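Shown below: entry_27.cif, with mmCIF, C-alpha atoms.
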data_model
#
loop_
_atom_site.group_PDB
_atom_site.id
_atom_site.type_symbol
_atom_site.label_atom_id
_atom_site.label_comp_id
_atom_site.auth_asym_id
_atom_site.auth_seq_id
_atom_site.Cartn_x
_atom_site.Cartn_y
_atom_site.Cartn_z
ATOM 1 C CA MET A 120 97.184 249.899 -74.909
ATOM 2 C CA ASP A 121 93.720 248.397 -74.657
ATOM 3 C CA ASN A 122 92.125 245.614 -76.683
ATOM 4 C CA GLU A 123 90.947 247.940 -79.485
ATOM 5 C CA ASP A 124 94.452 249.385 -79.788
ATOM 6 C CA VAL A 125 95.810 245.864 -80.253
ATOM 7 C CA GLN A 126 93.164 245.084 -82.877
ATOM 8 C CA VAL A 127 93.881 248.308 -84.804
ATOM 9 C CA LEU A 128 97.639 247.726 -84.719
ATOM 10 C CA ARG A 129 97.300 244.072 -85.754
ATOM 11 C CA LEU A 130 95.193 244.988 -88.785
ATOM 12 C CA LEU A 131 97.482 247.882 -89.628
ATOM 13 C CA LEU A 132 100.459 245.533 -89.630
ATOM 14 C CA THR A 133 98.690 243.148 -92.029
ATOM 15 C CA GLY A 134 98.356 245.966 -94.559
ATOM 16 C CA ALA A 135 94.737 246.951 -93.954
ATOM 17 C CA LYS A 136 93.745 250.542 -94.752
ATOM 18 C CA VAL A 137 92.042 252.858 -92.266
ATOM 19 C CA THR A 138 88.588 252.319 -93.818
ATOM 20 C CA GLU A 139 89.081 248.538 -93.848
ATOM 21 C CA ILE A 140 90.155 248.545 -90.201
ATOM 22 C CA GLY A 141 87.063 250.509 -89.217
ATOM 23 C CA GLU A 142 84.780 248.101 -91.072
ATOM 24 C CA GLN A 143 86.339 245.028 -89.452
ATOM 25 C CA ILE A 144 86.140 246.217 -85.841
ATOM 26 C CA ASN A 145 83.124 248.537 -86.170
ATOM 27 C CA LEU A 146 84.892 251.877 -85.619
ATOM 28 C CA SER A 147 84.472 255.106 -87.562
ATOM 29 C CA GLN A 148 87.363 256.366 -89.692
ATOM 30 C CA PRO A 149 88.122 259.278 -87.300
ATOM 31 C CA ALA A 150 88.121 256.835 -84.366
ATOM 32 C CA VAL A 151 90.609 254.554 -86.167
ATOM 33 C CA THR A 152 92.825 257.549 -87.013
ATOM 34 C CA ALA A 153 92.735 258.622 -83.356
ATOM 35 C CA ARG A 154 93.793 255.120 -82.322
ATOM 36 C CA ILE A 155 96.687 255.139 -84.803
ATOM 37 C CA ASN A 156 97.863 258.541 -83.516
ATOM 38 C CA LYS A 157 97.701 257.171 -79.968
ATOM 39 C CA LEU A 158 99.818 254.187 -81.025
ATOM 40 C CA ARG A 159 102.355 256.476 -82.728
ATOM 41 C CA LYS A 160 102.855 258.328 -79.457
ATOM 42 C CA TYR A 161 103.003 255.092 -77.480
ATOM 43 C CA PHE A 162 105.759 253.616 -79.682
ATOM 44 C CA ASP A 163 107.375 256.969 -80.486
ATOM 45 C CA ASP A 164 107.307 256.043 -84.153
ATOM 46 C CA PRO A 165 105.149 257.096 -87.154
ATOM 47 C CA LEU A 166 104.412 253.394 -87.915
ATOM 48 C CA LEU A 167 103.228 254.397 -91.413
ATOM 49 C CA VAL A 168 105.166 256.659 -93.806
ATOM 50 C CA ARG A 169 104.528 257.713 -97.368
ATOM 51 C CA ASP A 170 106.609 256.130 -100.101
ATOM 52 C CA GLY A 171 105.536 257.774 -103.368
ATOM 53 C CA LYS A 172 101.812 257.143 -103.640
ATOM 54 C CA GLU A 173 101.839 254.303 -101.121
ATOM 55 C CA MET A 174 101.816 254.242 -97.319
ATOM 56 C CA VAL A 175 104.346 251.712 -96.017
ATOM 57 C CA LEU A 176 105.168 250.354 -92.574
ATOM 58 C CA THR A 177 108.279 251.599 -90.799
ATOM 59 C CA ALA A 178 111.010 249.255 -89.612
ATOM 60 C CA LYS A 179 109.705 249.679 -86.061
ATOM 61 C CA ALA A 180 106.188 248.658 -87.131
ATOM 62 C CA LEU A 181 107.485 245.576 -88.956
ATOM 63 C CA SER A 182 109.446 244.522 -85.863
ATOM 64 C CA LEU A 183 106.211 244.541 -83.820
ATOM 65 C CA SER A 184 104.319 242.163 -86.096
ATOM 66 C CA ASN A 185 104.970 238.820 -84.346
ATOM 67 C CA ALA A 186 104.600 240.221 -80.822
ATOM 68 C CA ILE A 187 101.282 241.952 -81.611
ATOM 69 C CA THR A 188 99.909 238.828 -83.319
ATOM 70 C CA ARG A 189 100.750 236.741 -80.234
ATOM 71 C CA LEU A 190 99.246 239.372 -77.917
ATOM 72 C CA HIS A 191 96.040 239.468 -79.958
ATOM 73 C CA GLU A 192 95.786 235.660 -79.876
ATOM 74 C CA SER A 193 96.270 235.651 -76.099
ATOM 75 C CA ILE A 194 93.509 238.231 -75.613
ATOM 76 C CA GLN A 195 91.159 236.367 -77.949
ATOM 77 C CA SER A 196 91.744 233.086 -76.092
ATOM 78 C CA LEU A 197 90.206 234.578 -72.947
ATOM 79 C CA TYR A 198 86.709 234.451 -74.400
ATOM 80 C CA PRO A 199 85.007 232.370 -77.089
ATOM 81 C CA ILE A 200 84.907 233.599 -80.678
ATOM 82 C CA GLU A 201 81.343 233.490 -81.996
ATOM 83 C CA HIS A 202 82.297 233.736 -85.673
ATOM 84 C CA PHE A 203 85.564 232.785 -87.367
ATOM 85 C CA ASP A 204 86.380 233.156 -91.056
ATOM 86 C CA ALA A 205 89.172 230.612 -91.488
ATOM 87 C CA LYS A 206 89.791 231.659 -95.100
ATOM 88 C CA ASN A 207 90.397 235.347 -94.411
ATOM 89 C CA THR A 208 91.456 235.689 -90.758
ATOM 90 C CA PRO A 209 95.208 235.284 -90.089
ATOM 91 C CA SER A 210 95.608 233.189 -86.969
ATOM 92 C CA ILE A 211 98.224 231.398 -84.886
ATOM 93 C CA ILE A 212 97.360 227.708 -84.500
ATOM 94 C CA ASN A 213 99.019 225.770 -81.688
ATOM 95 C CA LEU A 214 98.979 222.003 -82.271
ATOM 96 C CA TYR A 215 100.484 219.725 -79.625
ATOM 97 C CA ILE A 216 101.182 216.228 -80.968
ATOM 98 C CA SER A 217 102.603 213.218 -79.151
ATOM 99 C CA ASP A 218 105.580 211.633 -80.872
ATOM 100 C CA GLY A 219 103.593 208.407 -80.785
ATOM 101 C CA HIS A 220 101.073 210.073 -83.107
ATOM 102 C CA TYR A 221 103.482 212.292 -85.079
ATOM 103 C CA TYR A 222 104.031 209.688 -87.789
ATOM 104 C CA PHE A 223 100.278 209.118 -88.222
ATOM 105 C CA CYS A 224 99.273 212.239 -90.150
ATOM 106 C CA PHE A 225 101.473 215.158 -89.089
ATOM 107 C CA GLU A 226 101.930 216.579 -92.591
ATOM 108 C CA GLU A 227 98.241 216.098 -93.366
ATOM 109 C CA TYR A 228 97.226 218.468 -90.544
ATOM 110 C CA ILE A 229 99.449 221.236 -91.911
ATOM 111 C CA ASP A 230 98.344 220.625 -95.501
ATOM 112 C CA ALA A 231 94.672 220.718 -94.489
ATOM 113 C CA ILE A 232 95.096 224.037 -92.657
ATOM 114 C CA TYR A 233 96.979 225.709 -95.507
ATOM 115 C CA GLU A 234 94.501 224.344 -98.027
ATOM 116 C CA VAL A 235 91.921 226.559 -96.303
ATOM 117 C CA SER A 236 94.291 229.547 -96.134
ATOM 118 C CA ASP A 237 98.029 230.196 -96.146
ATOM 119 C CA LEU A 238 97.483 233.234 -93.907
ATOM 120 C CA HIS A 239 97.722 231.075 -90.776
ATOM 121 C CA GLU A 240 100.877 230.374 -88.773
ATOM 122 C CA VAL A 241 101.002 226.771 -87.532
ATOM 123 C CA ARG A 242 103.067 226.042 -84.430
ATOM 124 C CA ILE A 243 103.801 222.388 -83.684
ATOM 125 C CA THR A 244 104.938 221.102 -80.295
ATOM 126 C CA VAL A 245 105.896 217.406 -80.153
ATOM 127 C CA PHE A 246 105.979 215.746 -76.735
ATOM 128 C CA PRO A 247 106.837 212.169 -75.679
ATOM 129 C CA LEU A 248 103.895 209.825 -75.191
ATOM 130 C CA GLU A 249 104.273 208.593 -71.639
ATOM 131 C CA SER A 250 102.240 208.452 -68.469
ATOM 132 C CA GLY A 251 102.085 211.441 -66.133
ATOM 133 C CA ILE A 252 102.576 214.014 -68.900
ATOM 134 C CA GLU A 253 100.308 216.587 -67.222
ATOM 135 C CA GLY A 254 102.897 217.356 -64.581
ATOM 136 C CA ARG A 255 105.807 217.570 -67.013
ATOM 137 C CA TYR A 256 104.430 219.377 -70.071
ATOM 138 C CA ASP A 257 102.722 222.743 -70.298
ATOM 139 C CA PHE A 258 99.585 222.591 -72.460
ATOM 140 C CA GLN A 259 98.153 225.984 -71.526
ATOM 141 C CA ASN A 260 98.740 227.446 -75.016
ATOM 142 C CA ALA A 261 97.389 224.420 -76.893
ATOM 143 C CA ASP A 262 94.443 224.795 -79.251
ATOM 144 C CA ILE A 263 94.378 221.049 -79.908
ATOM 145 C CA ILE A 264 96.311 218.163 -78.338
ATOM 146 C CA ILE A 265 96.492 215.036 -80.478
ATOM 147 C CA GLY A 266 97.731 211.565 -79.631
ATOM 148 C CA THR A 267 97.343 211.228 -75.867
ATOM 149 C CA VAL A 268 95.947 207.934 -74.580
ATOM 150 C CA TYR A 269 94.464 209.295 -71.350
ATOM 151 C CA PRO A 270 92.232 212.351 -70.761
ATOM 152 C CA ILE A 271 93.990 215.548 -69.638
ATOM 153 C CA LYS A 272 92.605 217.676 -66.818
ATOM 154 C CA GLY A 273 90.846 220.796 -68.137
ATOM 155 C CA PHE A 274 90.479 219.331 -71.650
ATOM 156 C CA THR A 275 87.664 217.533 -73.445
ATOM 157 C CA GLN A 276 88.773 214.382 -75.246
ATOM 158 C CA GLU A 277 87.119 213.237 -78.483
ATOM 159 C CA ILE A 278 87.993 209.722 -79.693
ATOM 160 C CA ILE A 279 88.031 209.735 -83.483
ATOM 161 C CA ALA A 280 89.308 206.206 -84.203
ATOM 162 C CA TRP A 281 90.774 203.141 -82.519
ATOM 163 C CA ASP A 282 94.124 201.414 -82.959
ATOM 164 C CA GLN A 283 95.263 198.029 -81.632
ATOM 165 C CA TYR A 284 98.543 197.046 -79.977
ATOM 166 C CA GLN A 285 100.604 194.533 -81.947
ATOM 167 C CA LEU A 286 104.102 193.075 -81.826
ATOM 168 C CA VAL A 287 105.821 195.164 -84.518
ATOM 169 C CA HIS A 288 109.003 193.697 -85.997
ATOM 170 C CA GLN A 289 111.229 192.986 -88.978
ATOM 171 C CA VAL A 290 112.779 189.841 -87.484
ATOM 172 C CA ARG A 291 113.304 187.303 -90.272
ATOM 173 C CA PRO A 292 112.501 184.127 -88.287
ATOM 174 C CA LEU A 293 109.097 185.650 -87.441
ATOM 175 C CA LYS A 294 108.164 186.538 -91.029
ATOM 176 C CA ASN A 295 106.104 183.367 -91.612
ATOM 177 C CA THR A 296 104.790 183.166 -88.048
ATOM 178 C CA LYS A 297 101.115 183.900 -87.341
ATOM 179 C CA LYS A 298 101.238 183.880 -83.540
ATOM 180 C CA ILE A 299 103.709 183.487 -80.699
ATOM 181 C CA THR A 300 103.604 182.245 -77.121
ATOM 182 C CA MET A 301 104.246 184.381 -74.057
ATOM 183 C CA GLN A 302 107.563 182.598 -73.563
ATOM 184 C CA GLN A 303 108.659 183.511 -77.100
ATOM 185 C CA TYR A 304 107.448 187.067 -76.616
ATOM 186 C CA VAL A 305 109.496 187.801 -73.485
ATOM 187 C CA LYS A 306 112.691 186.335 -75.018
ATOM 188 C CA LEU A 307 112.643 188.592 -78.091
ATOM 189 C CA PRO A 308 114.885 191.736 -77.980
ATOM 190 C CA HIS A 309 112.525 194.597 -77.090
ATOM 191 C CA VAL A 310 112.375 198.361 -77.419
ATOM 192 C CA VAL A 311 110.380 199.661 -74.446
ATOM 193 C CA PHE A 312 108.689 203.085 -74.434
ATOM 194 C CA ALA A 313 108.884 203.753 -70.708
ATOM 195 C CA ARG A 314 111.702 205.249 -68.664
ATOM 196 C CA GLU A 315 110.989 202.980 -65.703
ATOM 197 C CA ASP A 316 108.620 200.176 -64.733
ATOM 198 C CA GLU A 317 106.306 202.554 -62.866
ATOM 199 C CA SER A 318 105.318 204.279 -66.123
ATOM 200 C CA ASN A 319 104.916 201.064 -68.154
ATOM 201 C CA PRO A 320 101.210 200.233 -68.647
ATOM 202 C CA PHE A 321 101.896 196.695 -69.907
ATOM 203 C CA LEU A 322 103.248 195.430 -66.610
ATOM 204 C CA GLU A 323 99.748 194.780 -65.308
ATOM 205 C CA TYR A 324 99.621 192.010 -67.928
ATOM 206 C CA LEU A 325 103.291 190.957 -67.794
ATOM 207 C CA SER A 326 104.072 191.100 -64.032
ATOM 208 C CA ARG A 327 106.800 193.063 -62.275
ATOM 209 C CA PRO A 328 109.668 193.512 -62.807
ATOM 210 C CA ASP A 329 109.373 193.582 -66.592
ATOM 211 C CA PRO A 330 110.170 190.022 -67.750
ATOM 212 C CA ARG A 331 111.037 191.006 -71.321
ATOM 213 C CA ASN A 332 114.498 190.942 -72.831
ATOM 214 C CA ILE A 333 114.873 194.739 -72.995
ATOM 215 C CA LYS A 334 117.596 196.045 -75.314
ATOM 216 C CA LEU A 335 116.562 199.690 -75.578
ATOM 217 C CA ARG A 336 114.513 202.122 -73.485
ATOM 218 C CA THR A 337 113.384 205.407 -74.983
ATOM 219 C CA ASN A 338 110.465 207.831 -74.787
ATOM 220 C CA ASN A 339 110.904 208.784 -78.458
ATOM 221 C CA ILE A 340 109.485 206.565 -81.160
ATOM 222 C CA ASN A 341 111.837 208.029 -83.798
ATOM 223 C CA VAL A 342 114.825 206.762 -81.832
ATOM 224 C CA ALA A 343 113.380 203.248 -81.906
ATOM 225 C CA TYR A 344 112.407 203.103 -85.577
ATOM 226 C CA PRO A 345 115.843 202.268 -87.099
ATOM 227 C CA HIS A 346 116.274 199.380 -84.634
ATOM 228 C CA LEU A 347 112.860 198.017 -85.631
ATOM 229 C CA ALA A 348 113.372 198.502 -89.366
ATOM 230 C CA GLN A 349 116.724 196.691 -89.269
ATOM 231 C CA GLY A 350 115.298 193.759 -87.322
ATOM 232 C CA ARG A 351 117.474 194.280 -84.249
ATOM 233 C CA CYS A 352 114.508 194.772 -81.910
ATOM 234 C CA VAL A 353 110.760 194.296 -81.659
ATOM 235 C CA ALA A 354 108.256 196.649 -80.037
ATOM 236 C CA THR A 355 104.703 196.605 -78.717
ATOM 237 C CA LEU A 356 103.135 199.386 -80.779
ATOM 238 C CA GLY A 357 99.962 200.362 -82.574
ATOM 239 C CA GLU A 358 99.019 198.486 -85.708
ATOM 240 C CA SER A 359 98.892 201.817 -87.556
ATOM 241 C CA PHE A 360 102.630 202.337 -86.976
ATOM 242 C CA ALA A 361 103.420 198.993 -88.605
ATOM 243 C CA LYS A 362 101.139 199.680 -91.580
ATOM 244 C CA GLU A 363 102.418 203.239 -92.070
ATOM 245 C CA HIS A 364 106.058 202.098 -92.112
ATOM 246 C CA GLY A 365 105.609 198.788 -93.953
ATOM 247 C CA LEU A 366 106.692 196.698 -90.957
ATOM 248 C CA ALA A 367 105.472 193.215 -90.089
ATOM 249 C CA TYR A 368 103.327 192.651 -87.019
ATOM 250 C CA LEU A 369 101.902 189.809 -84.947
ATOM 251 C CA PRO A 370 99.106 189.606 -82.378
ATOM 252 C CA LEU A 371 100.283 189.809 -78.783
ATOM 253 C CA PRO A 372 100.041 186.672 -76.614
ATOM 254 C CA PHE A 373 98.049 188.633 -74.010
ATOM 255 C CA PHE A 374 95.060 190.969 -74.000
ATOM 256 C CA THR A 375 95.470 194.757 -74.273
ATOM 257 C CA PRO A 376 92.687 197.338 -74.651
ATOM 258 C CA GLU A 377 92.284 199.256 -77.886
ATOM 259 C CA ILE A 378 94.243 202.491 -78.262
ATOM 260 C CA PRO A 379 92.146 205.641 -78.691
ATOM 261 C CA ILE A 380 93.231 207.971 -81.490
ATOM 262 C CA ALA A 381 91.912 211.139 -79.928
ATOM 263 C CA LEU A 382 92.100 214.894 -79.964
ATOM 264 C CA SER A 383 91.635 217.095 -76.903
ATOM 265 C CA TYR A 384 90.739 220.769 -76.627
ATOM 266 C CA PRO A 385 90.461 223.212 -73.691
ATOM 267 C CA ASN A 386 87.085 222.993 -71.970
ATOM 268 C CA PHE A 387 86.602 226.770 -72.090
ATOM 269 C CA LEU A 388 86.901 226.709 -75.905
ATOM 270 C CA GLN A 389 84.080 224.226 -76.419
ATOM 271 C CA ILE A 390 81.881 226.773 -78.227
ATOM 272 C CA ASP A 391 84.745 228.837 -79.662
ATOM 273 C CA ALA A 392 84.281 229.133 -83.436
ATOM 274 C CA LYS A 393 87.982 229.016 -84.310
ATOM 275 C CA ASN A 394 88.626 225.993 -82.109
ATOM 276 C CA ARG A 395 85.527 224.220 -83.429
ATOM 277 C CA TRP A 396 86.746 224.764 -87.009
ATOM 278 C CA LEU A 397 90.208 223.454 -86.115
ATOM 279 C CA ARG A 398 89.069 220.338 -84.287
ATOM 280 C CA ASN A 399 86.596 219.469 -87.072
ATOM 281 C CA LEU A 400 89.439 219.808 -89.571
ATOM 282 C CA CYS A 401 91.790 217.618 -87.479
ATOM 283 C CA ALA A 402 89.069 215.016 -86.895
ATOM 284 C CA LYS A 403 88.464 214.807 -90.650
ATOM 285 C CA VAL A 404 92.192 214.245 -91.251
ATOM 286 C CA ILE A 405 92.283 211.463 -88.638
ATOM 287 C CA ARG A 406 89.203 209.732 -90.074
ATOM 288 C CA THR A 407 90.636 209.845 -93.602
ATOM 289 C CA LYS A 408 93.910 208.270 -92.451
ATOM 290 C CA ALA A 409 92.132 205.703 -90.254
ATOM 291 C CA ARG A 410 90.033 204.567 -93.206
ATOM 292 C CA ALA A 411 93.151 204.277 -95.374
ATOM 293 C CA LEU A 412 94.749 202.015 -92.743
ATOM 294 C CA ASN A 413 91.529 200.025 -92.120
ATOM 295 C CA LEU A 414 91.254 201.111 -88.492
ATOM 296 C CA LYS A 415 88.006 201.165 -86.531
ATOM 297 C CA LEU A 416 86.355 204.598 -86.367
ATOM 298 C CA GLY A 417 85.079 206.076 -83.121
ATOM 299 C CA VAL A 418 81.432 206.794 -82.511
#

Turn the structure described in the file into structure tokens.
Amino acid sequence: MDNEDVQVLRLLLTGAKVTEIGEQINLSQPAVTARINKLRKYFDDPLLVRDGKEMVLTAKALSLSNAITRLHESIQSLYPIEHFDAKNTPSIINLYISDGHYYFCFEEYIDAIYEVSDLHEVRITVFPLESGIEGRYDFQNADIIIGTVYPIKGFTQEIIAWDQYQLVHQVRPLKNTKKITMQQYVKLPHVVFAREDESNPFLEYLSRPDPRNIKLRTNNINVAYPHLAQGRCVATLGESFAKEHGLAYLPLPFFTPEIPIALSYPNFLQIDAKNRWLRNLCAKVIRTKARALNLKLGV
């Protein structure tokens, strides 16, 4: 099969008629029919059969649907799309989201995509937010990566808003406290989001080994949440997490840089119409949520 065969089969499987297929990929009706006959021989199946007055797909044709859609997406990803009709073009959308960002507006991304069209298939991959992720996670199929703090090789990063690290807690004795000392900070029971000291960015401010009273280590923010909500532990997290979950927070007794709320996309898709539509949509979702939480917007 060549690229035109894949395009013809993909459209055929979405229910398009021969004339419609020809119009969409600029082929004459006889040329489309010839392609369909070629595909029938290739798969040793009629693909389309008559059912009364209608032509319906065979069981074999229906079984090919997901594989052909993925193959078409892979071929299309090799070169930029100049025009993309998000309302009428079924598409697979691969969103990679760090678990540190998952809570922020995960559902809003999906809702925004399906508000444009429910023809799309959204695929979500959630990965832990930790240092050195490039060597451990495969981003080659990603259309957009959201929620990484550092730039990723081969991707362009766009900072949409800024968050700020805070001491997030539900500890009763701290409820009426406005600030704490470093000594108080290190004595509190902490959840730490680093598997070992080498991957902990805060140690340049705290010294090594980690002086905090660590009660739980995890690279998954959802594991930590119940311990925070019940007041058993505190955590150094973004202010947005505290606001989103209704948790109390205090300023840290040491300086930390602001946290970028960013999206990244493959460099080779910079001018790709589909990717540009998707990243504009995701950026709009982030800005809306950032405004709701009174966070600073990026330039």

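Taken over the shown file, the PyMOL selection byres ((chain A and resi 158) around 12) identifies Met120, Asp121, Glu123, Asp124, Val125, Gln126, Val127, Leu128, Arg129, Leu131, Val151, Thr152, Ala153, Arg154, Ile155, Asn156, Lys157, Arg159, Lys160, Tyr161, Phe162, Asp163, Asp164, Pro165, Leu166, Leu167, Lys179, Ala180 and Leu183 of chain A.
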
Coordinates-based distance that separates atom CA of A:Leu412 from atom CA of A:Pro292 (Å, one decimal):
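Computed distance, atom CA of A:Pro292 to atom CA of A:Leu412, equals 25.6 Å.
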
Find the spatial neighbours of stretch 276-278 of chain A, counting all atoms listed in the file, within a cut-off of 8 Å - ignore same-chain residues fewer than 5 positions away - and output them as an mmCIF file with C-alpha atoms, in the coordinates of the input.
data_model
loop_
_atom_site.group_PDB
_atom_site.id
_atom_site.type_symbol
_atom_site.label_atom_id
_atom_site.label_comp_id
_atom_site.auth_asym_id
_atom_site.auth_seq_id
_atom_site.Cartn_x
_atom_site.Cartn_y
_atom_site.Cartn_z
ATOM 1 C CA PRO A 270 92.232 212.351 -70.761
ATOM 2 C CA ILE A 271 93.990 215.548 -69.638
ATOM 3 C CA PRO A 379 92.146 205.641 -78.691
ATOM 4 C CA ILE A 380 93.231 207.971 -81.490
ATOM 5 C CA ALA A 381 91.912 211.139 -79.928
ATOM 6 C CA LEU A 382 92.100 214.894 -79.964
ATOM 7 C CA SER A 383 91.635 217.095 -76.903
ATOM 8 C CA TYR A 384 90.739 220.769 -76.627
ATOM 9 C CA GLY A 417 85.079 206.076 -83.121
ATOM 10 C CA VAL A 418 81.432 206.794 -82.511
#

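Reported to one decimal place, the separation of atom CA of A:Ala186 from atom CA of A:Asp262 is 18.5 Å.
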
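Residues captured in this structure file are Asp218, Pro247, Leu248, Glu249, Pro308, His309, Val310, Val311, Phe312, Ala313, Arg314, Glu315, Asn332, Ile333, Asn339, Ile340, Val342, Ala343 and Cys352 of chain A, according to the PyMOL selection byres ((chain A and resi 334-338) around 9).
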
Rebuild stretch 392-407 of chain A so that it carries N, CA, C and O atoms, then output the result as a CSV table (one decimal), in the frame of the given file.
chain,number,residue,atom,x,y,z
A,392,ALA,N,84.4,229.4,-82.0
A,392,ALA,CA,84.3,229.1,-83.4
A,392,ALA,C,85.6,228.7,-84.1
A,392,ALA,O,85.6,227.8,-84.9
A,393,LYS,N,86.7,229.4,-83.7
A,393,LYS,CA,88.0,229.0,-84.3
A,393,LYS,C,88.4,227.6,-83.9
A,393,LYS,O,88.8,226.8,-84.7
A,394,ASN,N,88.2,227.3,-82.6
A,394,ASN,CA,88.6,226.0,-82.1
A,394,ASN,C,87.7,224.9,-82.7
A,394,ASN,O,88.2,223.8,-83.1
A,395,ARG,N,86.5,225.2,-82.8
A,395,ARG,CA,85.5,224.2,-83.4
A,395,ARG,C,85.9,223.9,-84.9
A,395,ARG,O,85.9,222.8,-85.3
A,396,TRP,N,86.3,225.0,-85.6
A,396,TRP,CA,86.7,224.8,-87.0
A,396,TRP,C,88.0,223.9,-87.0
A,396,TRP,O,88.1,222.9,-87.8
A,397,LEU,N,88.9,224.2,-86.1
A,397,LEU,CA,90.2,223.5,-86.1
A,397,LEU,C,90.0,222.0,-85.7
A,397,LEU,O,90.6,221.1,-86.4
A,398,ARG,N,89.2,221.7,-84.7
A,398,ARG,CA,89.1,220.3,-84.3
A,398,ARG,C,88.3,219.5,-85.3
A,398,ARG,O,88.5,218.3,-85.5
A,399,ASN,N,87.3,220.2,-86.0
A,399,ASN,CA,86.6,219.5,-87.1
A,399,ASN,C,87.5,219.1,-88.2
A,399,ASN,O,87.5,218.0,-88.8
A,400,LEU,N,88.5,220.0,-88.5
A,400,LEU,CA,89.4,219.8,-89.6
A,400,LEU,C,90.4,218.7,-89.2
A,400,LEU,O,90.6,217.7,-90.0
A,401,CYS,N,90.9,218.7,-87.9
A,401,CYS,CA,91.8,217.6,-87.5
A,401,CYS,C,91.1,216.3,-87.4
A,401,CYS,O,91.7,215.2,-87.8
A,402,ALA,N,89.8,216.3,-87.0
A,402,ALA,CA,89.1,215.0,-86.9
A,402,ALA,C,88.9,214.4,-88.3
A,402,ALA,O,89.0,213.2,-88.5
A,403,LYS,N,88.6,215.3,-89.3
A,403,LYS,CA,88.5,214.8,-90.6
A,403,LYS,C,89.8,214.2,-91.2
A,403,LYS,O,89.7,213.1,-91.8
A,404,VAL,N,90.9,214.8,-90.8
A,404,VAL,CA,92.2,214.2,-91.3
A,404,VAL,C,92.4,212.9,-90.6
A,404,VAL,O,92.8,211.9,-91.3
A,405,ILE,N,92.1,212.7,-89.3
A,405,ILE,CA,92.3,211.5,-88.6
A,405,ILE,C,91.4,210.4,-89.3
A,405,ILE,O,91.8,209.3,-89.5
A,406,ARG,N,90.1,210.7,-89.5
A,406,ARG,CA,89.2,209.7,-90.1
A,406,ARG,C,89.7,209.3,-91.4
A,406,ARG,O,89.6,208.1,-91.8
A,407,THR,N,90.2,210.2,-92.3
A,407,THR,CA,90.6,209.8,-93.6
A,407,THR,C,91.8,208.9,-93.5
A,407,THR,O,91.9,207.9,-94.2
